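*Asks:* I am sharing data.cif, which consists of mmCIF, C-alpha atoms:
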data_coords
#
loop_
_atom_site.label_atom_id
_atom_site.label_comp_id
_atom_site.auth_asym_id
_atom_site.auth_seq_id
_atom_site.Cartn_x
_atom_site.Cartn_y
_atom_site.Cartn_z
CA MET A 1 0.00 0.00 0.00
CA ARG A 2 2.82 2.39 -0.95
CA GLU A 3 0.48 5.17 -2.02
CA LEU A 4 -1.02 5.33 1.49
CA ARG A 5 2.22 5.39 3.44
CA SER A 6 2.43 9.14 3.99
CA ALA A 7 -1.05 9.26 5.51
CA THR A 8 -0.36 6.57 8.07
CA GLU A 9 3.11 7.50 9.31
CA GLU A 10 2.53 10.39 11.67
CA PRO A 11 4.38 10.34 15.02
CA ALA A 12 1.38 9.42 17.19
CA GLU A 13 0.42 6.68 14.77
CA ARG A 14 3.94 5.23 14.60
CA ALA A 15 3.85 5.05 18.39
CA GLY A 16 0.74 2.86 18.44
CA GLY A 17 -2.00 4.18 16.21
CA PRO A 18 -4.28 7.21 16.49
CA LEU A 19 -4.77 8.05 20.14
CA THR A 20 -8.34 9.31 19.77
CA ALA A 21 -11.33 8.82 17.52
CA ASP A 22 -10.91 12.41 16.31
CA ALA A 23 -7.32 11.69 15.34
CA ALA A 24 -8.50 8.68 13.36
CA THR A 25 -11.08 10.75 11.48
CA ARG A 26 -8.45 13.38 10.65
CA ALA A 27 -6.08 10.71 9.42
CA VAL A 28 -8.72 8.96 7.32
CA ARG A 29 -9.36 12.17 5.40
CA ARG A 30 -5.78 12.05 4.15
CA VAL A 31 -6.01 8.34 3.38
CA LEU A 32 -9.25 8.91 1.48
CA ASP A 33 -7.66 11.72 -0.51
CA GLU A 34 -4.83 9.45 -1.56
CA VAL A 35 -7.18 6.60 -2.43
CA LEU A 36 -9.34 8.93 -4.52
CA ASP A 37 -6.33 10.44 -6.28
CA ALA A 38 -5.27 6.94 -7.30
CA ARG A 39 -8.78 6.00 -8.45
CA MET A 40 -9.09 9.20 -10.48
CA SER A 41 -5.81 8.44 -12.22
CA GLN A 42 -7.12 4.99 -13.08
CA ALA A 43 -10.40 6.46 -14.31
CA TYR A 44 -8.57 8.78 -16.72
CA ASP A 45 -6.67 5.76 -18.02
CA VAL A 46 -10.04 4.19 -18.85
CA ASP A 47 -11.81 7.20 -20.42
CA ALA A 48 -11.45 10.96 -19.94
CA VAL A 49 -15.18 11.74 -20.30
CA PHE A 50 -16.13 9.09 -17.73
CA ALA A 51 -13.39 10.37 -15.42
CA ARG A 52 -14.50 14.00 -15.59
CA GLU A 53 -18.25 13.54 -15.46
CA VAL A 54 -18.77 10.47 -13.26
CA ALA A 55 -15.61 9.55 -11.35
CA GLY A 56 -14.88 13.21 -10.69
CA ARG A 57 -18.30 13.74 -9.15
CA VAL A 58 -17.95 10.64 -6.98
CA SER A 59 -14.53 11.80 -5.82
CA ALA A 60 -15.75 15.31 -5.04
CA PHE A 61 -18.79 13.99 -3.14
CA ALA A 62 -16.69 11.64 -1.00
CA ARG A 63 -14.12 14.33 -0.22
CA ARG A 64 -16.87 16.74 0.81
CA GLY A 65 -17.72 14.18 3.44
CA GLY A 66 -19.78 14.40 6.57
CA LYS A 67 -19.06 13.62 10.19
CA ARG A 68 -16.89 10.55 9.40
CA LEU A 69 -18.72 8.77 12.22
CA ARG A 70 -18.19 5.34 10.70
CA THR A 71 -14.42 5.72 10.89
CA ALA A 72 -14.67 6.90 14.50
CA PHE A 73 -16.80 3.90 15.45
CA ALA A 74 -14.44 1.54 13.62
CA TRP A 75 -11.60 3.01 15.68
CA CYS A 76 -13.57 2.37 18.91
CA GLY A 77 -14.16 -1.22 17.85
CA TRP A 78 -10.49 -1.65 16.98
CA ARG A 79 -9.33 -0.31 20.33
CA ALA A 80 -11.98 -2.22 22.31
CA GLY A 81 -10.87 -5.38 20.50
CA GLY A 82 -7.25 -4.86 21.52
CA GLY A 83 -6.05 -3.05 18.40
CA SER A 84 -2.75 -1.15 18.54
CA GLY A 85 0.30 -0.54 16.41
CA ASP A 86 0.01 0.05 12.66
CA PRO A 87 -3.26 1.92 12.00
CA GLY A 88 -3.03 1.52 8.23
CA PRO A 89 -5.64 -1.25 7.83
CA LEU A 90 -8.05 0.55 10.16
CA LEU A 91 -7.71 3.84 8.28
CA ARG A 92 -8.13 2.18 4.90
CA THR A 93 -11.25 0.47 6.27
CA GLY A 94 -12.51 3.90 7.29
CA ALA A 95 -11.91 5.15 3.75
CA ALA A 96 -13.85 2.18 2.37
CA LEU A 97 -16.74 2.95 4.71
CA GLU A 98 -16.80 6.53 3.45
CA LEU A 99 -17.08 5.25 -0.12
CA VAL A 100 -19.92 2.90 0.84
CA GLN A 101 -21.63 5.90 2.42
CA THR A 102 -21.20 7.79 -0.85
CA CYS A 103 -22.89 4.96 -2.73
CA ALA A 104 -25.75 4.78 -0.25
CA LEU A 105 -26.45 8.51 -0.24
CA VAL A 106 -26.31 8.91 -4.02
CA HIS A 107 -28.72 6.01 -4.54
CA ASP A 108 -30.94 7.09 -1.64
CA ASP A 109 -31.33 10.57 -3.11
CA VAL A 110 -32.40 9.06 -6.44
CA MET A 111 -34.97 6.82 -4.78
CA ASP A 112 -36.30 9.58 -2.52
CA ARG A 113 -36.09 12.25 -5.25
CA SER A 114 -34.19 14.47 -2.86
CA HIS A 115 -32.66 17.61 -4.33
CA LEU A 116 -30.09 18.60 -1.72
CA ARG A 117 -27.25 16.70 -0.07
CA ARG A 118 -24.40 18.01 2.05
CA GLY A 119 -25.39 21.55 1.25
CA ALA A 120 -25.16 21.09 -2.54
CA PRO A 121 -27.36 19.71 -5.32
CA ALA A 122 -27.83 15.93 -5.09
CA MET A 123 -25.83 13.91 -7.62
CA HIS A 124 -28.78 13.19 -9.92
CA VAL A 125 -29.81 16.85 -9.85
CA ASP A 126 -26.30 17.98 -10.77
CA LEU A 127 -26.11 15.47 -13.63
CA ALA A 128 -29.52 16.52 -14.93
CA ARG A 129 -28.35 20.12 -14.92
CA MET A 130 -25.27 19.11 -16.94
CA HIS A 131 -27.60 17.42 -19.47
CA ARG A 132 -29.62 20.63 -19.85
CA ASP A 133 -26.56 22.90 -19.98
CA GLU A 134 -25.04 20.85 -22.81
CA GLY A 135 -28.28 20.72 -24.76
CA MET A 136 -28.42 16.93 -24.87
CA ALA A 137 -31.44 15.06 -26.21
CA GLY A 138 -34.08 13.29 -24.12
CA SER A 139 -35.18 13.76 -20.55
CA ALA A 140 -32.64 15.50 -18.34
CA GLU A 141 -34.22 13.92 -15.24
CA ALA A 142 -34.00 10.39 -16.64
CA PHE A 143 -30.38 10.97 -17.65
CA GLY A 144 -29.55 12.35 -14.20
CA HIS A 145 -31.15 9.41 -12.43
CA SER A 146 -29.43 6.81 -14.62
CA ALA A 147 -26.02 8.45 -14.39
CA ALA A 148 -26.33 8.83 -10.61
CA VAL A 149 -27.03 5.11 -10.28
CA LEU A 150 -23.78 4.47 -12.17
CA ALA A 151 -21.96 6.94 -9.92
CA GLY A 152 -23.19 5.15 -6.82
CA ASP A 153 -22.15 1.81 -8.32
CA LEU A 154 -18.68 3.22 -8.96
CA ALA A 155 -18.33 4.35 -5.34
CA LEU A 156 -19.26 0.84 -4.17
CA ALA A 157 -16.77 -0.72 -6.61
CA TRP A 158 -14.01 1.52 -5.26
CA ALA A 159 -14.96 0.55 -1.70
CA ASP A 160 -14.92 -3.14 -2.55
CA ASP A 161 -11.55 -2.84 -4.26
CA LEU A 162 -10.09 -1.20 -1.19
CA MET A 163 -11.56 -3.76 1.21
CA THR A 164 -10.29 -6.61 -0.96
CA GLU A 165 -6.75 -5.25 -0.52
CA ILE A 166 -7.27 -4.97 3.25
CA VAL A 167 -8.71 -8.47 3.59
CA LEU A 168 -5.91 -10.06 1.59
CA ASP A 169 -3.28 -8.36 3.77
CA SER A 170 -4.95 -9.04 7.14
CA PRO A 171 -4.28 -12.12 9.32
CA HIS A 172 -7.99 -11.87 10.21
CA GLY A 173 -9.09 -11.43 6.60
CA PRO A 174 -11.94 -14.00 6.56
CA ARG A 175 -13.57 -12.43 9.64
CA VAL A 176 -13.25 -8.93 8.22
CA TYR A 177 -14.70 -10.06 4.90
CA ARG A 178 -17.74 -11.66 6.56
CA GLU A 179 -18.58 -8.39 8.29
CA TRP A 180 -18.17 -6.44 5.05
CA ARG A 181 -20.26 -8.89 3.04
CA ALA A 182 -23.05 -8.85 5.60
CA MET A 183 -23.08 -5.05 5.72
CA ARG A 184 -23.53 -4.69 1.96
CA GLY A 185 -26.44 -7.14 1.91
CA GLU A 186 -28.12 -5.43 4.85
CA MET A 187 -27.90 -2.05 3.13
CA VAL A 188 -29.68 -3.34 0.04
CA ALA A 189 -32.29 -5.13 2.14
CA GLY A 190 -32.98 -1.96 4.08
CA GLN A 191 -33.33 0.16 0.95
CA TYR A 192 -35.74 -2.38 -0.54
CA ARG A 193 -37.85 -2.60 2.60
CA ASP A 194 -38.01 1.20 2.60
CA LEU A 195 -39.18 1.29 -1.02
CA LYS A 196 -41.74 -1.46 -0.45
CA ALA A 197 -43.12 0.15 2.70
CA GLN A 198 -43.75 3.35 0.76
CA ALA A 199 -45.43 1.52 -2.12
CA ALA A 200 -47.52 -0.66 0.19
CA GLY A 201 -48.62 2.17 2.46
CA ALA A 202 -47.10 0.50 5.51
CA SER A 203 -47.50 2.29 8.84
CA GLY A 204 -46.48 -0.15 11.60
CA VAL A 205 -43.98 0.66 14.35
CA ASP A 206 -42.26 -2.74 14.07
CA GLU A 207 -41.77 -2.35 10.34
CA ALA A 208 -40.38 1.15 10.83
CA LEU A 209 -37.83 -0.22 13.32
CA THR A 210 -36.87 -3.04 10.95
CA ILE A 211 -36.21 -0.56 8.16
CA ALA A 212 -34.27 1.77 10.45
CA THR A 213 -32.12 -1.12 11.63
CA LEU A 214 -31.35 -2.54 8.18
CA LYS A 215 -31.06 0.70 6.30
CA SER A 216 -29.07 2.74 8.79
CA ALA A 217 -28.24 1.32 12.22
CA LEU A 218 -26.22 -1.65 11.04
CA TYR A 219 -23.99 0.00 8.47
CA THR A 220 -23.66 3.27 10.38
CA VAL A 221 -22.48 1.87 13.72
CA GLU A 222 -22.76 -1.87 14.35
CA ARG A 223 -20.79 -3.07 11.33
CA PRO A 224 -18.08 -0.37 11.60
CA LEU A 225 -17.55 -1.36 15.24
CA ALA A 226 -17.39 -5.02 14.23
CA LEU A 227 -15.04 -4.32 11.32
CA GLY A 228 -12.62 -2.51 13.60
CA ALA A 229 -12.78 -5.26 16.22
CA SER A 230 -12.33 -7.96 13.57
CA LEU A 231 -9.16 -6.26 12.31
CA ALA A 232 -7.87 -6.51 15.90
CA GLY A 233 -8.87 -10.19 16.26
CA ALA A 234 -11.30 -9.49 19.11
CA ASP A 235 -12.78 -12.43 21.00
CA ALA A 236 -16.42 -13.51 20.84
CA SER A 237 -17.53 -11.80 24.06
CA VAL A 238 -16.17 -8.45 22.91
CA MET A 239 -17.84 -8.86 19.53
CA THR A 240 -21.20 -9.62 21.17
CA ALA A 241 -21.00 -6.54 23.38
CA LEU A 242 -19.99 -4.35 20.44
CA ARG A 243 -22.85 -5.59 18.28
CA SER A 244 -25.36 -4.72 20.99
CA ALA A 245 -23.77 -1.32 21.60
CA GLY A 246 -23.71 -0.63 17.88
CA ARG A 247 -27.32 -1.65 17.32
CA CYS A 248 -28.53 0.70 20.05
CA THR A 249 -26.36 3.59 18.90
CA GLY A 250 -27.30 3.10 15.27
CA LEU A 251 -31.01 3.17 16.04
CA ALA A 252 -30.57 6.29 18.16
CA PHE A 253 -28.74 7.88 15.23
CA GLN A 254 -31.54 7.05 12.80
CA LEU A 255 -34.29 8.24 15.13
CA ARG A 256 -32.44 11.52 15.57
CA ASP A 257 -32.18 11.75 11.79
CA ASP A 258 -35.95 11.25 11.55
CA LEU A 259 -36.50 14.15 13.94
CA LEU A 260 -34.08 16.37 12.03
CA GLY A 261 -35.86 15.44 8.81
CA ALA A 262 -39.09 16.74 10.32
CA PHE A 263 -37.95 19.64 12.50
CA GLY A 264 -34.35 20.41 11.54
CA ASP A 265 -32.75 23.38 9.83
CA PRO A 266 -31.54 22.71 6.24
CA ALA A 267 -28.73 25.21 6.76
CA LEU A 268 -27.37 22.94 9.50
CA THR A 269 -28.30 19.50 8.18
CA GLY A 270 -27.31 20.15 4.55
CA LYS A 271 -30.41 18.38 3.24
CA PRO A 272 -34.10 19.19 2.81
CA VAL A 273 -36.43 19.25 5.79
CA GLY A 274 -39.98 18.00 5.43
CA ASP A 275 -39.50 15.69 2.43
CA ASP A 276 -40.33 12.56 4.46
CA LEU A 277 -43.41 14.27 5.87
CA ARG A 278 -44.52 15.45 2.45
CA ALA A 279 -44.34 11.87 1.18
CA ARG A 280 -45.60 10.48 4.52
CA LYS A 281 -42.67 8.10 4.36
CA LEU A 282 -42.62 5.37 6.99
CA THR A 283 -40.31 6.36 9.83
CA TYR A 284 -40.41 5.40 13.49
CA LEU A 285 -41.48 8.95 14.28
CA LEU A 286 -44.44 8.84 11.90
CA ALA A 287 -45.43 5.31 12.94
CA VAL A 288 -45.45 6.23 16.65
CA ALA A 289 -47.47 9.36 15.96
CA LEU A 290 -50.06 7.42 13.96
CA GLU A 291 -50.33 4.79 16.69
CA LEU A 292 -50.80 7.45 19.36
CA GLY A 293 -53.31 9.36 17.23
CA ARG A 294 -55.43 6.24 16.82
CA ALA A 295 -55.17 5.40 20.52
CA HIS A 296 -56.33 8.89 21.51
CA GLY A 297 -59.05 9.12 18.90
CA ASP A 298 -57.35 12.08 17.22
CA GLU A 299 -58.97 11.78 13.80
CA GLU A 300 -57.31 14.91 12.49
CA ALA A 301 -53.86 13.55 13.31
CA VAL A 302 -54.69 10.14 11.82
CA ALA A 303 -55.84 11.78 8.59
CA ALA A 304 -52.68 13.88 8.38
CA LEU A 305 -50.31 11.01 9.16
CA SER A 306 -51.85 8.06 7.30
CA PRO A 307 -50.01 6.82 4.19
CA GLY A 308 -51.37 8.15 0.93
CA SER A 309 -50.84 7.67 -2.77
CA THR A 310 -50.16 11.35 -3.39
CA THR A 311 -47.50 13.72 -2.09
CA LEU A 312 -48.80 16.37 0.25
CA PRO A 313 -48.67 20.01 -0.82
CA ASP A 314 -46.25 22.25 1.05
CA GLY A 315 -49.04 23.83 3.05
CA ALA A 316 -50.09 20.47 4.49
CA VAL A 317 -46.64 19.66 5.88
CA GLU A 318 -47.15 22.02 8.80
CA GLY A 319 -50.26 20.04 9.68
CA VAL A 320 -48.19 16.87 9.84
CA ARG A 321 -45.62 18.56 12.07
CA ALA A 322 -48.40 19.77 14.34
CA ALA A 323 -49.76 16.23 14.58
CA LEU A 324 -46.31 14.90 15.51
CA GLU A 325 -46.19 17.40 18.35
CA ARG A 326 -49.81 17.09 19.47
CA THR A 327 -49.82 13.30 19.69
CA GLY A 328 -46.70 13.35 21.84
CA ALA A 329 -44.72 11.38 19.24
CA ARG A 330 -41.85 13.86 19.17
CA ASP A 331 -41.38 13.59 22.93
CA GLU A 332 -41.70 9.81 22.85
CA VAL A 333 -39.03 9.51 20.18
CA GLU A 334 -36.74 11.80 22.18
CA ALA A 335 -37.20 9.51 25.19
CA LYS A 336 -36.48 6.45 23.05
CA ILE A 337 -33.26 8.00 21.78
CA ALA A 338 -32.09 8.68 25.33
CA GLU A 339 -32.92 5.11 26.36
CA LEU A 340 -31.02 3.67 23.39
CA ALA A 341 -28.00 5.90 24.06
CA ASP A 342 -27.83 4.78 27.69
CA SER A 343 -28.14 1.11 26.68
CA ALA A 344 -25.34 1.55 24.15
CA LEU A 345 -22.95 2.73 26.85
CA ARG A 346 -23.84 -0.16 29.13
CA HIS A 347 -23.17 -2.67 26.37
CA PHE A 348 -19.88 -1.03 25.44
CA ASP A 349 -18.74 -1.21 29.07
CA GLU A 350 -19.06 -5.00 28.75
CA THR A 351 -16.16 -5.05 26.27
CA GLY A 352 -13.74 -4.22 29.07
CA ALA A 353 -12.29 -1.42 26.97
CA GLN A 354 -9.95 1.04 28.65
CA PRO A 355 -11.62 4.06 30.28
CA ALA A 356 -10.23 6.44 27.65
CA VAL A 357 -11.80 4.37 24.87
CA ARG A 358 -15.10 4.20 26.76
CA ARG A 359 -15.10 7.99 27.09
CA GLU A 360 -14.43 8.31 23.36
CA PHE A 361 -17.34 6.01 22.62
CA ALA A 362 -19.61 7.96 24.96
CA ALA A 363 -18.75 11.18 23.13
CA LEU A 364 -19.55 9.51 19.80
CA VAL A 365 -22.88 8.26 21.11
CA ALA A 366 -23.72 11.80 22.17
CA ARG A 367 -22.84 13.11 18.69
CA ALA A 368 -24.76 10.39 16.87
CA SER A 369 -27.84 10.57 19.05
CA GLY A 370 -27.97 14.32 19.55
CA ILE A 371 -28.16 13.74 23.30
CA THR A 372 -25.98 16.25 25.13
CA THR A 373 -23.17 14.69 27.12
CA GLY A 374 -24.78 15.57 30.41
CA CYS A 375 -27.88 13.58 29.49
CA VAL A 376 -25.93 10.41 28.74
CA ARG A 377 -24.33 8.83 31.76
CA GLU A 378 -20.60 9.46 31.75
CA ALA A 379 -18.35 6.51 30.92
CA VAL A 380 -16.08 5.53 33.80
#
Represent the structure from my file as structure tokens, please.
*Replies:*
Amino acid sequence: MRELRSATEEPAERAGGPLTADAATRAVRRVLDEVLDARMSQAYDVDAVFAREVAGRVSAFARRGGKRLRTAFAWCGWRAGGGSGDPGPLLRTGAALELVQTCALVHDDVMDRSHLRRGAPAMHVDLARMHRDEGMAGSAEAFGHSAAVLAGDLALAWADDLMTEIVLDSPHGPRVYREWRAMRGEMVAGQYRDLKAQAAGASGVDEALTIATLKSALYTVERPLALGASLAGADASVMTALRSAGRCTGLAFQLRDDLLGAFGDPALTGKPVGDDLRARKLTYLLAVALELGRAHGDEEAVAALSPGSTTLPDGAVEGVRAALERTGARDEVEAKIAELADSALRHFDETGAQPAVRREFAALVARASGITTGCVREAV
């Protein structure tokens, strides 16, 4: 992995790996840059038009990045599993997770017809605009959607290529590969269940939790923790505790995302607010509100929240928000997030990780869940 050497040879890392989760996320940015530079060079060797218009957009999207939470959780898993020394495989795994996230977000925006991502036009929107600007024939929207699917596929291919190199070099390669393989399948399953729920007009709380788990919780937290621990050769008891901690944290993360999607500020989240409500998309928040509305005989709330075959007009979205508040669903979801965050810390304690690592994990749980540190019990 000669091209990655400069990004993994800083003094703290030579002495035993990144000392904090934040250090790991800073280091993975440099690793990702080097990976993407190499992939862009390869793309130009294949075809200059493809490189500029597709690979270049994938590279720019991945570099723009987000919170890099998956890398931070992988670091926690690595340290909890006894990881130390050369951080190269961990950091390259973090880069691969960022590329998987790129794939998931690009495809998700196509399926949800979202127009904004990370404070910029979504990939399919940007590609449709290119179609119009160049005066190409046919539907700009259809072109944008099709090209964005290819862009997401390319991001996944780059991630798989990187993980293949890691697995082949690791003494724990088969374990690492099993986690990676499971994560990819779960992502697709979650996306499909999400699509089907929308088409079928599903509204159940259990189904909403299943989708949240498959589509987000597993690949956001549980699998990154397990990937890091697998790289370290962690024992079965540590893996079990990490899976439970990751499942709870990942669900808390998704439930917070549901709340931000309904009540957040686009200037802070970098994506539209209200789209899920407009489509009455099945989320845990919506499912809980509908259940409470029915239990309390709130016919107005039930009418506003029930799945429908048409998208609500902008003016009706405020009515949905009001129903979420009036039924008590917003408060109930907040309480659920706090409960999940506390459970995550208890499970992580069972790994026997050092206090410093437990504190790092607690800080990450607070970031992912949106629960302020004071509201989540402090790790010992």
*Asks:* Selection in question (the file shown): the PyMOL selection byres ((chain A and resi 226) around 8). Which residues does it include, as a ChimeraX atom specification?
*Replies:* /A:74,77,179,222-225,227-230,239,242-243
*Asks:* Name the closest residue to Arg129 (chain A) among the candidates A:Ala200, A:Ala23, A:Ala142, A:Ala155; distances are taken between atoms, counting all atoms listed in the file.
*Replies:* A:Ala142
*Asks:* Quick one: residues within 9 Å of Tyr177 (chain A), all atoms listed in the file counted, chain neighbours fewer than 5 positions away excluded, as a ChimeraX atom specification?
*Replies:* /A:163-164,167,172,182,227
*Asks:* Given the file above and the PyMOL selection byres ((chain A and resi 107-123) around 10), which residues are selected, and can you give them as a PyMOL selection string?
*Replies:* chain A and resi 54+57-58+61+64-66+101-106+124-129+144-153+191+194-195+266-273+275-276+279+281
*Asks:* For Thr210 (chain A), which residue out of A:Ala303, A:Leu340, A:Leu282, A:Met136 is the nearest one, using only C-alpha atoms?
*Replies:* A:Leu282
*Asks:* Given the choices A:Leu214, A:Leu168, A:Leu305, A:Ala208, which gets closest to Met187 (chain A) if the distance is worked out from all atoms listed in the file?
*Replies:* A:Leu214
*Asks:* Any chance you could work out the residue set of the PyMOL selection byres ((chain A and resi 220) around 9) here, as a ChimeraX atom specification?
*Replies:* /A:69-70,73,97,101,215-219,221-224,246,249-250,253
*Asks:* For the selection you just gave me, I'd like the residues written to a file as a PDB file, in the coordinates of the input, keeping C-alpha atoms.
*Replies:*
ATOM      1  CA  LEU A  69     -18.720   8.770  12.220  1.00  0.00           C
ATOM      2  CA  ARG A  70     -18.190   5.340  10.700  1.00  0.00           C
ATOM      3  CA  PHE A  73     -16.800   3.900  15.450  1.00  0.00           C
ATOM      4  CA  LEU A  97     -16.740   2.950   4.710  1.00  0.00           C
ATOM      5  CA  GLN A 101     -21.630   5.900   2.420  1.00  0.00           C
ATOM      6  CA  LYS A 215     -31.060   0.700   6.300  1.00  0.00           C
ATOM      7  CA  SER A 216     -29.070   2.740   8.790  1.00  0.00           C
ATOM      8  CA  ALA A 217     -28.240   1.320  12.220  1.00  0.00           C
ATOM      9  CA  LEU A 218     -26.220  -1.650  11.040  1.00  0.00           C
ATOM     10  CA  TYR A 219     -23.990   0.000   8.470  1.00  0.00           C
ATOM     11  CA  VAL A 221     -22.480   1.870  13.720  1.00  0.00           C
ATOM     12  CA  GLU A 222     -22.760  -1.870  14.350  1.00  0.00           C
ATOM     13  CA  ARG A 223     -20.790  -3.070  11.330  1.00  0.00           C
ATOM     14  CA  PRO A 224     -18.080  -0.370  11.600  1.00  0.00           C
ATOM     15  CA  GLY A 246     -23.710  -0.630  17.880  1.00  0.00           C
ATOM     16  CA  THR A 249     -26.360   3.590  18.900  1.00  0.00           C
ATOM     17  CA  GLY A 250     -27.300   3.100  15.270  1.00  0.00           C
ATOM     18  CA  PHE A 253     -28.740   7.880  15.230  1.00  0.00           C
TER      19      PHE A 253
END
*Asks:* Using all atoms listed in the file, which protein or nucleic acid residues come within 9 Å of region 347-360 of chain A? Drop anything in the same chain fewer than 3 positions from it, and give the result as an mmCIF file with C-alpha atoms, in the frame of the given file.
*Replies:*
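Saved result, selection-v4.cif, follows:
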data_model
loop_
_atom_site.group_PDB
_atom_site.id
_atom_site.type_symbol
_atom_site.label_atom_id
_atom_site.label_comp_id
_atom_site.auth_asym_id
_atom_site.auth_seq_id
_atom_site.Cartn_x
_atom_site.Cartn_y
_atom_site.Cartn_z
ATOM 1 C CA THR A 20 -8.340 9.310 19.770
ATOM 2 C CA ALA A 21 -11.330 8.820 17.520
ATOM 3 C CA ASP A 22 -10.910 12.410 16.310
ATOM 4 C CA ALA A 72 -14.670 6.900 14.500
ATOM 5 C CA CYS A 76 -13.570 2.370 18.910
ATOM 6 C CA ARG A 79 -9.330 -0.310 20.330
ATOM 7 C CA ALA A 80 -11.980 -2.220 22.310
ATOM 8 C CA GLY A 81 -10.870 -5.380 20.500
ATOM 9 C CA GLY A 82 -7.250 -4.860 21.520
ATOM 10 C CA SER A 237 -17.530 -11.800 24.060
ATOM 11 C CA VAL A 238 -16.170 -8.450 22.910
ATOM 12 C CA MET A 239 -17.840 -8.860 19.530
ATOM 13 C CA THR A 240 -21.200 -9.620 21.170
ATOM 14 C CA ALA A 241 -21.000 -6.540 23.380
ATOM 15 C CA LEU A 242 -19.990 -4.350 20.440
ATOM 16 C CA ARG A 243 -22.850 -5.590 18.280
ATOM 17 C CA SER A 244 -25.360 -4.720 20.990
ATOM 18 C CA ALA A 245 -23.770 -1.320 21.600
ATOM 19 C CA GLY A 246 -23.710 -0.630 17.880
ATOM 20 C CA CYS A 248 -28.530 0.700 20.050
ATOM 21 C CA ASP A 342 -27.830 4.780 27.690
ATOM 22 C CA SER A 343 -28.140 1.110 26.680
ATOM 23 C CA ALA A 344 -25.340 1.550 24.150
ATOM 24 C CA ALA A 363 -18.750 11.180 23.130
ATOM 25 C CA LEU A 364 -19.550 9.510 19.800
ATOM 26 C CA VAL A 365 -22.880 8.260 21.110
ATOM 27 C CA GLU A 378 -20.600 9.460 31.750
ATOM 28 C CA ALA A 379 -18.350 6.510 30.920
ATOM 29 C CA VAL A 380 -16.080 5.530 33.800
#
*Asks:* Report, in Å with one decimal, the straight-line distance from CA of Glu299 (chain A) to CA of Gly264 (chain A).
*Replies:*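 Distance between the two atoms: 26.2 Å.
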*Asks:* Excluding region 314-327 of chain A and residues on its chain fewer than 3 positions from it, collect all residues at most 10 Å away from it, counting only C-alpha atoms, and give them as a PyMOL selection string.
*Replies:* chain A and resi 259+262-263+274-280+285-296+298+300-306+311+330-332
*Asks:* Record the distance separating CA of Arg30 (chain A) and CA of Glu98 (chain A), expressed in Å with one decimal.
*Replies:*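 Separating CA of Arg30 (chain A) from CA of Glu98 (chain A) is a distance of 12.3 Å.
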*Asks:* Around (-27.2, 9.6, 21.9) in the file's own coordinates, what residues are found within 6 Å if you use only C-alpha atoms, given back as a ChimeraX atom specification?
*Replies:* /A:341,365-366,368-371
*Asks:* Could you write region 115-123 of chain A as a PDB file, in the frame of the given file, with N, CA, C and O atoms rebuilt where they are missing?
*Replies:*
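Result written to result-v4.pdb:
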ATOM      1  N   HIS A 115     -33.362  16.651  -3.475  1.00  0.00           N
ATOM      2  CA  HIS A 115     -32.660  17.610  -4.330  1.00  0.00           C
ATOM      3  C   HIS A 115     -31.397  18.178  -3.698  1.00  0.00           C
ATOM      4  O   HIS A 115     -30.583  18.783  -4.407  1.00  0.00           O
ATOM      5  N   LEU A 116     -31.214  17.979  -2.410  1.00  0.00           N
ATOM      6  CA  LEU A 116     -30.090  18.600  -1.720  1.00  0.00           C
ATOM      7  C   LEU A 116     -29.376  17.557  -0.873  1.00  0.00           C
ATOM      8  O   LEU A 116     -30.013  16.734  -0.217  1.00  0.00           O
ATOM      9  N   ARG A 117     -28.042  17.609  -0.901  1.00  0.00           N
ATOM     10  CA  ARG A 117     -27.250  16.700  -0.070  1.00  0.00           C
ATOM     11  C   ARG A 117     -25.944  17.396   0.287  1.00  0.00           C
ATOM     12  O   ARG A 117     -25.243  17.901  -0.573  1.00  0.00           O
ATOM     13  N   ARG A 118     -25.621  17.389   1.558  1.00  0.00           N
ATOM     14  CA  ARG A 118     -24.400  18.010   2.050  1.00  0.00           C
ATOM     15  C   ARG A 118     -24.261  19.449   1.580  1.00  0.00           C
ATOM     16  O   ARG A 118     -23.179  19.917   1.207  1.00  0.00           O
ATOM     17  N   GLY A 119     -25.386  20.136   1.583  1.00  0.00           N
ATOM     18  CA  GLY A 119     -25.390  21.550   1.250  1.00  0.00           C
ATOM     19  C   GLY A 119     -25.214  21.868  -0.219  1.00  0.00           C
ATOM     20  O   GLY A 119     -25.004  23.036  -0.580  1.00  0.00           O
ATOM     21  N   ALA A 120     -25.334  20.880  -1.100  1.00  0.00           N
ATOM     22  CA  ALA A 120     -25.160  21.090  -2.540  1.00  0.00           C
ATOM     23  C   ALA A 120     -26.208  20.262  -3.280  1.00  0.00           C
ATOM     24  O   ALA A 120     -26.870  19.401  -2.690  1.00  0.00           O
ATOM     25  N   PRO A 121     -26.390  20.516  -4.576  1.00  0.00           N
ATOM     26  CA  PRO A 121     -27.360  19.710  -5.320  1.00  0.00           C
ATOM     27  C   PRO A 121     -27.015  18.221  -5.241  1.00  0.00           C
ATOM     28  O   PRO A 121     -25.846  17.838  -5.294  1.00  0.00           O
ATOM     29  N   ALA A 122     -28.034  17.380  -5.086  1.00  0.00           N
ATOM     30  CA  ALA A 122     -27.830  15.930  -5.090  1.00  0.00           C
ATOM     31  C   ALA A 122     -27.214  15.505  -6.422  1.00  0.00           C
ATOM     32  O   ALA A 122     -27.323  16.212  -7.430  1.00  0.00           O
ATOM     33  N   MET A 123     -26.566  14.360  -6.427  1.00  0.00           N
ATOM     34  CA  MET A 123     -25.830  13.910  -7.620  1.00  0.00           C
ATOM     35  C   MET A 123     -26.720  13.875  -8.854  1.00  0.00           C
ATOM     36  O   MET A 123     -26.335  14.352  -9.932  1.00  0.00           O
TER      37      MET A 123
END
